[in-house]
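> Below is the structure I would like to discuss, written out as structure tokens.
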Amino acid sequence: MIIFDNHMHLRRDGRYLDAVKEFIKAGGTHFVLCQYPMTQKVIEHKSYEPIYQETLKMAEEIQKNMDVTVYTTVGPYPVDYLKLIDVLGREETIDLMKKGMDQAAHLCEEGHCIAIGEIGRPHFPVDPQVMEDADQILSYGMKRAAEVDTAVVLHTETTTIAQCEQLVHMGEKVGLASDRIVKHFAPPLIYQEENFGLIPSVLASRKNIEEAAFKGTRFMMETDYIDDPRRPGAVLSPKTVPKRTFELLNNNHLSEDELGIIHQENPEKTYHISME
Ligand SMILES: [Zn+2]
């Protein structure tokens with residue numbers, strides 16, 4: 001049985017391989033390694049390329065050593081903007097982050113990554129100017145994703161119905177289909193009229209997943225595990241997605257076929273991958 005976590009971060013100075021071990025032991029088989037924000041390194045190199053390469057290297061290392069399939073996403077982390085701007089100024093920050101979109105798009109095109117992400121907006125209140133710039137950079141990233149026929153993984157402020165509509169519309173304007181837009185850290189907004197066709201990656205709390213499963217199967221599950229030694233087990237621990245999945249199965253909330261839609265069919269369609 002395929003069990004897929006759509007959003008995990010790992011750090012070499014965190015639990016790293018031990019965290020993956022925990023995921024596998026609980027029944028996990030596939031996961032997305034989402035590039036860890038490494039803002040200092042971006043500033044140091046004035047480029048995203050080194051941290052993209054570092055993320056790919058980690059994925060390769062994990063895959064070589066463990067019985068698990070790792071997919072990678074890379075992209076200019078939205079919150080970087082606020083630190084970059086102090087060092088580089090506004091124009092150069094926007095340029096650097098757009099270039100980060102180009103480099104990520106290139107890695108997707110070459111088959112090294114399955115999506116550009118996580119990209120989007122800061123998740124806390126910011127000045128209107130910051131929001132405007134974030135939207136400009138995001139829209140550019142969506143355009144690049146459409147051009148190389150890949151997906152985007154979005155990090156934004158709290159997900160609402162109105163926001164989903166706005167994000168789908170933003171994609172539409174630059175030719176990116178709604179089913180290639182993944183909303184990371186989503187609540188169970190499963191219905192078309194709630195998400196406007198984007199694909200929710202639902203944070204795997206018990207409450208979220210039970211509600212999502214009650215409503216349907218068009219979603220993915222994630223822990224947003226951040227592997228931060230100062231916040232152990234945050235956001236959710238690596239074993240959570242397998243645990244929830246077996247709960248749904250054992251409580252007869254969903255059948256194995258329905259779980260197959262969530263863990264295999266949805267990721268395969270969204271990312272254009274084959275998980276067998
Ligand atoms: Zn994340």
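Chain lettering (A, B, ...) mirrors the order of the structure tokens, residue numbering begins at 1 for each chain separately, and ligand numbering begins at 1 in order of display.
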Using only C-alpha atoms and all ligand atoms, which residues have at least one atom no more than 8 Å from ligand 1? Output them as a ChimeraX atom specification.

/A:7-9,34-36,118,155,184,224-226

> Just list as a PyMOL selection string whatever in stretch 112-263 of chain A DSSP marks as strand (DSSP E).

chain A and resi 115-120+151-155+181-186+199-203+220-222

> With a distance cut-off of 10 Å and only C-alpha atoms, select the neighbouring residues of A:Met101, excluding the residue or stretch itself and same-chain residues fewer than 3 positions from it, and output the selection as a list in words.

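Within the cut-off, the hits are Tyr48, Val74, Gly75, Pro76, Asp95, Leu96, Met97, Lys98, Ala104, Ala105, His106, Leu107, Ile116, Gly117, Ile119, Ile137, Leu138, Tyr140, Gly141, Met142, Lys143, Arg144 and Ala145 of chain A.
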
> The selected residues should be written to file as a CSV table (one decimal), in the first residue's frame (atoms: C-alpha atoms).


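Below you can see out-v3.csv, which holds the result:
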```
chain,number,residue,atom,x,y,z
A,48,TYR,CA,19.2,29.9,-4.9
A,74,VAL,CA,12.5,23.6,-4.6
A,75,GLY,CA,11.7,27.3,-4.9
A,76,PRO,CA,12.3,30.8,-3.4
A,95,ASP,CA,15.2,39.9,-9.3
A,96,LEU,CA,17.0,37.2,-7.2
A,97,MET,CA,13.7,35.5,-6.3
A,98,LYS,CA,12.5,35.5,-9.9
A,104,ALA,CA,13.6,25.8,-10.0
A,105,ALA,CA,11.6,25.6,-13.3
A,106,HIS,CA,14.8,24.4,-15.0
A,107,LEU,CA,15.2,21.6,-12.5
A,116,ILE,CA,8.3,24.6,-7.8
A,117,GLY,CA,7.7,25.1,-4.1
A,119,ILE,CA,6.4,29.6,-3.0
A,137,ILE,CA,7.1,37.0,-7.8
A,138,LEU,CA,4.5,34.3,-7.3
A,140,TYR,CA,6.1,35.0,-12.3
A,141,GLY,CA,6.7,31.5,-10.7
A,142,MET,CA,3.3,30.3,-11.9
A,143,LYS,CA,4.0,31.5,-15.4
A,144,ARG,CA,7.3,29.7,-15.4
A,145,ALA,CA,5.6,26.5,-14.1
```

> Counting only C-alpha atoms, which of A:Ala151, A:Val130, A:Glu109, A:Tyr191 gets nearest to A:Ile85?

A:Val130

> If you run DSSP over the backbone, which residues in stretch 139-276 of chain A end up helix (DSSP H, G or I)? Put them as JSON, numbers by chain.

{"A": [139, 140, 141, 142, 143, 144, 145, 146, 147, 161, 162, 163, 164, 165, 166, 167, 168, 169, 170, 171, 172, 173, 178, 179, 180, 192, 193, 194, 195, 206, 207, 208, 209, 210, 211, 212, 213, 214, 215, 240, 241, 242, 243, 244, 245, 246, 247, 248, 249, 250, 256, 257, 258, 259, 260, 261, 262, 263, 264, 265, 266, 267, 268, 269, 270, 271]}

> Taking into account only C-alpha atoms, which residue in the set A:Pro50, A:Pro238, A:Pro267, A:Gly171 is nearest to A:Pro200?

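The answer is A:Pro267, which sits nearest to A:Pro200.
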
> Might you pull out every residue within 12 Å of A:Thr160, with only C-alpha atoms counted and same-chain residues fewer than 5 positions away left off, and present them as a list in words?

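Near A:Thr160, the qualifying residues are Glu165, Gln166, Leu167, Lys183, Phe185, Ala186, Pro187, Pro188, Leu189, Ile190, Glu193, Glu194, Asn195, Phe196 and Pro200 of chain A.
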
> Excluding A:Lys207 and residues on its chain fewer than 3 positions from it, collect all residues at most 12 Å away from it, counting only C-alpha atoms, and give them as a PyMOL selection string.

chain A and resi 187-188+202-204+210-214+244+248

> What does the file look like for those residues with C-alpha atoms, as a PDB file, in the first residue's frame?


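Below is the file that was written, selection-v4.pdb:
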```pdb
ATOM      1  CA  PRO A 187      -7.764  22.868   5.841  1.00  0.00           C
ATOM      2  CA  PRO A 188     -10.211  20.266   4.477  1.00  0.00           C
ATOM      3  CA  VAL A 202      -4.386  18.851   4.043  1.00  0.00           C
ATOM      4  CA  LEU A 203      -2.414  19.084   7.272  1.00  0.00           C
ATOM      5  CA  ALA A 204      -2.863  15.631   8.811  1.00  0.00           C
ATOM      6  CA  GLU A 210     -11.614  12.937   9.295  1.00  0.00           C
ATOM      7  CA  GLU A 211     -13.463  15.894   7.832  1.00  0.00           C
ATOM      8  CA  ALA A 212     -11.611  15.651   4.531  1.00  0.00           C
ATOM      9  CA  ALA A 213     -12.285  11.913   4.245  1.00  0.00           C
ATOM     10  CA  PHE A 214     -15.932  12.465   5.091  1.00  0.00           C
ATOM     11  CA  ARG A 244      -4.030   8.647  10.027  1.00  0.00           C
ATOM     12  CA  LEU A 248      -9.257   5.689   8.331  1.00  0.00           C
TER      13      LEU A 248
END
```

> Considering only C-alpha atoms, state which residue in the set A:Val20, A:Ile261, A:Ile2, A:Leu10 is at the smallest distance from A:Met58.

A:Leu10

> I want to know what sits within 7 Å of A:Phe4, based on only C-alpha atoms, with residues of the same chain fewer than 5 positions away left out; could you give that as JSON, numbers by chain?

{"A": [28, 29, 30, 31, 263]}

> Between atom CA of A:Asp5 and atom CA of A:Ser201, what is the spacing in Å?

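That distance, rounded to one decimal, is 9.3 Å.
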
> For A:Asp228, find every residue with an atom within 9 Å (counting only C-alpha atoms), except residues of its own chain fewer than 2 positions away, and show them as a short mmCIF file (atom, residue, chain, number, x, y, z; two decimals) with N, CA and C atoms, in the first residue's frame.


```cif
data_model
loop_
_atom_site.label_atom_id
_atom_site.label_comp_id
_atom_site.auth_asym_id
_atom_site.auth_seq_id
_atom_site.Cartn_x
_atom_site.Cartn_y
_atom_site.Cartn_z
N LEU A 10 13.55 18.35 5.84
CA LEU A 10 14.56 17.64 6.63
C LEU A 10 15.82 18.49 6.72
N ARG A 11 16.52 18.33 7.84
CA ARG A 11 17.76 19.08 8.05
C ARG A 11 18.86 18.11 8.46
N ASP A 13 21.17 18.85 10.44
CA ASP A 13 21.38 19.03 11.88
C ASP A 13 20.09 18.76 12.67
N GLY A 14 19.10 18.18 12.00
CA GLY A 14 17.87 17.74 12.68
C GLY A 14 17.93 16.23 12.86
N ARG A 15 16.78 15.58 12.85
CA ARG A 15 16.78 14.12 12.99
C ARG A 15 17.11 13.45 11.66
N TYR A 225 6.37 18.41 8.44
CA TYR A 225 7.42 18.16 9.43
C TYR A 225 8.59 19.09 9.14
N ILE A 226 9.08 19.81 10.17
CA ILE A 226 10.12 20.80 9.89
C ILE A 226 11.51 20.40 10.41
N ARG A 230 14.73 22.60 17.82
CA ARG A 230 14.10 23.43 18.85
C ARG A 230 12.59 23.22 18.93
N ARG A 231 12.03 22.58 17.89
CA ARG A 231 10.58 22.31 17.89
C ARG A 231 10.34 20.85 17.50
N PRO A 232 10.76 19.92 18.36
CA PRO A 232 10.66 18.49 18.01
C PRO A 232 9.23 18.09 17.68
N GLY A 233 9.08 17.33 16.61
CA GLY A 233 7.75 16.81 16.24
C GLY A 233 6.84 17.83 15.57
N ALA A 234 7.33 19.04 15.33
CA ALA A 234 6.50 20.06 14.67
C ALA A 234 6.69 19.99 13.15
#
```

> Which residue, A:Tyr271, A:Leu56, A:Asp257, A:Pro37, has the smallest gap to A:Met1 when you use only C-alpha atoms?

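When distances to A:Met1 are compared using only C-alpha atoms, the smallest one comes from A:Asp257.
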